[in-house]
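Colleague: Sharing a structure with you now.
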Amino acid sequence: METIQRTEGKHISSWMIFLLAASCGLIVANLYYAQTLIGPISADTGLSAAAAGLIVTLTQIGYVLGLLFIVPLSDIIENRRLAVISLIVVVAALIGAIFAPNAPLFLIASLFIGLGSVVAQILVPYATYLASEEQRGRVVGNVMSGLLLGIMFARPVASFIASFWGWKTVFLLSAIVIALLTVLLSRVLPERKPSPAINYSKLLLSLITLLRQTPLLRRRAIYQACLFAAFSLFWTTVPLRLIDEFGMSQQGIALFALAGVGGAVAAPIAGRLADKGLTRLLTGLAMLIAALSFGLAYLFQNNSTTALALLVVVAILLDMAVSGNLVLGQRAIYSLGSETRGRLNGLFMSIFFIGGAIGSSLGGWSYVHGGWSFTTLLGIALPLVALLYYFTEKRALART
């Protein structure tokens, strides 16, 4: 099969873009299925209410570990083989979660679900190797749309399936889908054999050097960390408000979560506009939209139909801001060098996922201690922090 060294720079086919986008969405959804299933999973595994949050936390920890220690391997190991091995880990972990007899074993399985799911962050930079420079933003935008749709659909789909057939069916169906996907990718993906100049230990040490010597990476990661913190804060607390203020059932919350899917449309649009040189302008716009969306949520806090409709608008606007800025950031860092894209992407994603974890923690704390009003004020503050940092960009770039 032809290697990517010989195909790089050619135009990637629409079929391959679709396959990579669908793959990323199906894979990354495994990180989010459990978020709406914590109650029944805790009951079946004997996990206490106080420790139930570990189900999501350990999955995210596994993902961050994979970003730091597995994704960089894509710069030294043939990418198709690395992706297939990682997906086998996901399938095994999903099956392990289904048959786990107790909470500790289920939590270990959750850790490995997150660890293996980082293959999505191997496939995104992989797509850029197949794309020419002039179509790179569009390709990243389209592939990221698939990934974001996976994130946004995971919660409502899991809720609907579990309401009829139980939470184990969600994990079983995902294991079957990922197993089939593994076979498909192993057969159709072109090989990409990097030409590594360093071994694995030096590769990991180079992460520190890359982070220190790449100001654009640090800047884009901080931008996205602030926006993803706001995103996580919103989606951690809005289900609580929908229950407390609007009396929604689990299925009602699932329907609300579907509203966020509309925000994924921003990803391909942002990619195309970035190809036209509008990255900086769109970055500032994304931060403003995120702050204004929380401002709208702050102004309308009653339990009227109008307030609920505006909350749907807030969800869509916030998701548009976060998904659009994510594509802008990834396109920017992928332009820094083809031989370091795996490491750059791993650093970028791990930093902004840490931001997401902080946002989730802040959300739970703020809603308990200050209610929806305090939570929305924090939601306004997070993108404003990014915006203040954004205003230093032109001066910082001029110095470099």
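Identifiers for the structure tokens are assigned positionally: chains receive A, B, ... in sequence, residues are indexed from 1 per chain, and ligands are indexed from 1 in the order shown.
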Might you pull out every residue within 10 Å of A:Ile85, with only C-alpha atoms counted and same-chain residues fewer than 3 positions away left off, and present them as a list in words?
Modeller: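 After dropping sequence-adjacent residues, the list is Arg80, Arg81, Leu82, Ile88, Val89, Val90, Gly116, Val119, Thr182 and Ser186 of chain A.
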Colleague: Give me the residues within 7 Å of stretch 348-350 of chain A as a ChimeraX atom specification, counting only C-alpha atoms and dropping any in the same chain fewer than 3 places off.
Modeller: /A:64,67-68,217,221,344-345,353-354
Colleague: Kindly save the residues from that selection, with N, CA and C atoms included, as an mmCIF file, in the first residue's frame.
Modeller:
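Final output, selection-v3.cif:
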data_model
loop_
_atom_site.group_PDB
_atom_site.id
_atom_site.type_symbol
_atom_site.label_atom_id
_atom_site.label_comp_id
_atom_site.auth_asym_id
_atom_site.auth_seq_id
_atom_site.Cartn_x
_atom_site.Cartn_y
_atom_site.Cartn_z
ATOM 1 N N VAL A 64 -5.971 12.072 29.201
ATOM 2 C CA VAL A 64 -4.824 12.982 29.312
ATOM 3 C C VAL A 64 -3.514 12.197 29.298
ATOM 4 N N LEU A 67 -2.829 11.275 25.820
ATOM 5 C CA LEU A 67 -2.373 12.434 25.048
ATOM 6 C C LEU A 67 -0.890 12.696 25.258
ATOM 7 N N LEU A 68 -0.445 12.485 26.486
ATOM 8 C CA LEU A 68 0.954 12.784 26.807
ATOM 9 C C LEU A 68 1.910 11.650 26.446
ATOM 10 N N LEU A 217 1.943 27.528 20.372
ATOM 11 C CA LEU A 217 1.297 26.382 21.002
ATOM 12 C C LEU A 217 0.752 26.761 22.374
ATOM 13 N N ALA A 221 -3.242 26.877 23.214
ATOM 14 C CA ALA A 221 -3.695 25.940 24.241
ATOM 15 C C ALA A 221 -4.406 26.674 25.375
ATOM 16 N N LEU A 344 2.830 18.024 19.193
ATOM 17 C CA LEU A 344 2.155 19.311 19.328
ATOM 18 C C LEU A 344 0.677 19.112 19.642
ATOM 19 N N ASN A 345 0.051 18.168 18.944
ATOM 20 C CA ASN A 345 -1.367 17.910 19.177
ATOM 21 C C ASN A 345 -1.596 17.324 20.567
ATOM 22 N N PHE A 353 -7.769 19.940 27.821
ATOM 23 C CA PHE A 353 -8.597 19.019 28.597
ATOM 24 C C PHE A 353 -8.438 19.252 30.095
ATOM 25 N N ILE A 354 -7.253 19.677 30.509
ATOM 26 C CA ILE A 354 -7.071 20.081 31.908
ATOM 27 C C ILE A 354 -7.976 21.266 32.217
#
Colleague: Rank A:Gly329, A:Gly260, A:Pro383, A:Gly295 by their smallest atom-to-atom distance to A:Met152, using only C-alpha atoms, and report the top residue only.
Modeller: A:Gly260
Colleague: Using atom CA of A:Asp275 and atom CA of A:Tyr334 as the two end points, give the distance in Å to one decimal.
Modeller: 12.7 Å
Colleague: Just list the residues in stretch 256-392 of chain A DSSP gives alpha helix (DSSP H) on the backbone, as a PyMOL selection string.
Modeller: chain A and resi 256-259+266-275+279-299+305-334+341-390
Colleague: Write a file of the selected residues as an mmCIF file, in the first residue's frame, keeping C-alpha atoms.
Modeller:
data_model
loop_
_atom_site.group_PDB
_atom_site.id
_atom_site.type_symbol
_atom_site.label_atom_id
_atom_site.label_comp_id
_atom_site.auth_asym_id
_atom_site.auth_seq_id
_atom_site.Cartn_x
_atom_site.Cartn_y
_atom_site.Cartn_z
ATOM 1 C CA PHE A 256 -31.843 19.544 25.365
ATOM 2 C CA ALA A 257 -28.350 18.125 24.847
ATOM 3 C CA LEU A 258 -29.194 17.599 21.199
ATOM 4 C CA ALA A 259 -29.422 21.388 20.844
ATOM 5 C CA ALA A 266 -18.942 26.233 13.236
ATOM 6 C CA ALA A 267 -16.030 23.803 12.856
ATOM 7 C CA PRO A 268 -15.936 23.420 9.040
ATOM 8 C CA ILE A 269 -16.836 27.103 8.567
ATOM 9 C CA ALA A 270 -13.968 28.160 10.830
ATOM 10 C CA GLY A 271 -11.604 25.858 8.939
ATOM 11 C CA ARG A 272 -12.516 27.358 5.568
ATOM 12 C CA LEU A 273 -12.246 30.948 6.834
ATOM 13 C CA ALA A 274 -8.893 30.148 8.470
ATOM 14 C CA ASP A 275 -7.629 29.060 5.049
ATOM 15 C CA THR A 279 -7.684 33.025 12.129
ATOM 16 C CA ARG A 280 -6.921 35.926 14.465
ATOM 17 C CA LEU A 281 -10.213 37.748 13.857
ATOM 18 C CA LEU A 282 -12.255 34.573 14.361
ATOM 19 C CA THR A 283 -10.374 33.736 17.557
ATOM 20 C CA GLY A 284 -11.413 36.997 19.196
ATOM 21 C CA LEU A 285 -14.973 36.537 17.921
ATOM 22 C CA ALA A 286 -15.183 33.056 19.463
ATOM 23 C CA MET A 287 -14.191 34.429 22.869
ATOM 24 C CA LEU A 288 -16.757 37.235 22.642
ATOM 25 C CA ILE A 289 -19.526 34.825 21.649
ATOM 26 C CA ALA A 290 -18.699 32.516 24.575
ATOM 27 C CA ALA A 291 -18.774 35.402 27.076
ATOM 28 C CA LEU A 292 -21.976 36.860 25.610
ATOM 29 C CA SER A 293 -23.725 33.483 25.673
ATOM 30 C CA PHE A 294 -23.160 33.222 29.428
ATOM 31 C CA GLY A 295 -24.255 36.856 29.770
ATOM 32 C CA LEU A 296 -27.550 35.882 28.146
ATOM 33 C CA ALA A 297 -27.896 32.971 30.581
ATOM 34 C CA TYR A 298 -27.270 35.374 33.498
ATOM 35 C CA LEU A 299 -29.921 37.886 32.398
ATOM 36 C CA THR A 305 -40.616 29.097 28.417
ATOM 37 C CA THR A 306 -38.685 32.103 27.112
ATOM 38 C CA ALA A 307 -35.837 31.436 29.534
ATOM 39 C CA LEU A 308 -35.705 27.789 28.420
ATOM 40 C CA ALA A 309 -35.652 28.784 24.748
ATOM 41 C CA LEU A 310 -32.835 31.239 25.419
ATOM 42 C CA LEU A 311 -30.948 28.520 27.278
ATOM 43 C CA VAL A 312 -31.072 26.455 24.086
ATOM 44 C CA VAL A 313 -29.642 29.445 22.193
ATOM 45 C CA VAL A 314 -26.887 29.739 24.809
ATOM 46 C CA ALA A 315 -25.989 26.070 24.347
ATOM 47 C CA ILE A 316 -25.725 26.459 20.578
ATOM 48 C CA LEU A 317 -23.701 29.693 20.737
ATOM 49 C CA LEU A 318 -21.295 28.307 23.329
ATOM 50 C CA ASP A 319 -20.746 25.118 21.363
ATOM 51 C CA MET A 320 -20.142 27.139 18.200
ATOM 52 C CA ALA A 321 -17.518 29.264 19.944
ATOM 53 C CA VAL A 322 -15.680 26.291 21.421
ATOM 54 C CA SER A 323 -15.771 24.084 18.316
ATOM 55 C CA GLY A 324 -14.788 26.935 15.989
ATOM 56 C CA ASN A 325 -11.859 28.012 18.140
ATOM 57 C CA LEU A 326 -10.682 24.413 18.473
ATOM 58 C CA VAL A 327 -10.331 24.092 14.697
ATOM 59 C CA LEU A 328 -8.535 27.454 14.499
ATOM 60 C CA GLY A 329 -6.080 26.338 17.167
ATOM 61 C CA GLN A 330 -5.382 22.971 15.616
ATOM 62 C CA ARG A 331 -4.851 24.426 12.166
ATOM 63 C CA ALA A 332 -2.378 26.920 13.631
ATOM 64 C CA ILE A 333 -0.283 24.362 15.486
ATOM 65 C CA TYR A 334 -0.298 21.884 12.589
ATOM 66 C CA ARG A 341 2.488 17.282 14.786
ATOM 67 C CA GLY A 342 1.769 14.305 17.018
ATOM 68 C CA ARG A 343 3.558 15.845 19.974
ATOM 69 C CA LEU A 344 2.155 19.311 19.328
ATOM 70 C CA ASN A 345 -1.367 17.910 19.177
ATOM 71 C CA GLY A 346 -0.831 15.856 22.333
ATOM 72 C CA LEU A 347 0.345 18.900 24.263
ATOM 73 C CA PHE A 348 -2.427 21.100 22.894
ATOM 74 C CA MET A 349 -5.188 18.629 23.703
ATOM 75 C CA SER A 350 -3.877 17.705 27.153
ATOM 76 C CA ILE A 351 -3.652 21.360 28.213
ATOM 77 C CA PHE A 352 -7.152 22.218 27.108
ATOM 78 C CA PHE A 353 -8.597 19.019 28.597
ATOM 79 C CA ILE A 354 -7.071 20.081 31.908
ATOM 80 C CA GLY A 355 -9.000 23.316 31.427
ATOM 81 C CA GLY A 356 -12.144 21.252 30.900
ATOM 82 C CA ALA A 357 -11.536 19.308 34.115
ATOM 83 C CA ILE A 358 -11.124 22.573 36.016
ATOM 84 C CA GLY A 359 -14.348 23.895 34.492
ATOM 85 C CA SER A 360 -16.272 20.778 35.531
ATOM 86 C CA SER A 361 -14.972 21.080 39.091
ATOM 87 C CA LEU A 362 -15.809 24.781 39.230
ATOM 88 C CA GLY A 363 -19.282 24.068 37.910
ATOM 89 C CA GLY A 364 -20.189 21.589 40.616
ATOM 90 C CA TRP A 365 -18.767 23.837 43.334
ATOM 91 C CA SER A 366 -20.314 27.079 42.058
ATOM 92 C CA TYR A 367 -23.793 25.625 41.576
ATOM 93 C CA VAL A 368 -23.871 24.239 45.107
ATOM 94 C CA HIS A 369 -22.555 27.408 46.736
ATOM 95 C CA GLY A 370 -23.945 30.186 44.567
ATOM 96 C CA GLY A 371 -26.571 28.683 42.308
ATOM 97 C CA TRP A 372 -27.047 29.391 38.604
ATOM 98 C CA SER A 373 -26.293 33.115 39.009
ATOM 99 C CA PHE A 374 -22.794 32.519 40.395
ATOM 100 C CA THR A 375 -22.155 29.777 37.845
ATOM 101 C CA THR A 376 -22.980 32.040 34.895
ATOM 102 C CA LEU A 377 -20.709 34.785 36.263
ATOM 103 C CA LEU A 378 -17.851 32.299 36.310
ATOM 104 C CA GLY A 379 -18.852 31.300 32.785
ATOM 105 C CA ILE A 380 -18.514 34.918 31.676
ATOM 106 C CA ALA A 381 -15.147 35.299 33.411
ATOM 107 C CA LEU A 382 -13.434 32.300 31.782
ATOM 108 C CA PRO A 383 -13.628 33.466 28.119
ATOM 109 C CA LEU A 384 -12.879 37.020 29.252
ATOM 110 C CA VAL A 385 -9.591 35.768 30.710
ATOM 111 C CA ALA A 386 -8.794 34.303 27.311
ATOM 112 C CA LEU A 387 -9.816 37.578 25.642
ATOM 113 C CA LEU A 388 -7.473 39.606 27.853
ATOM 114 C CA TYR A 389 -4.624 37.280 26.906
ATOM 115 C CA TYR A 390 -5.696 37.521 23.267
#
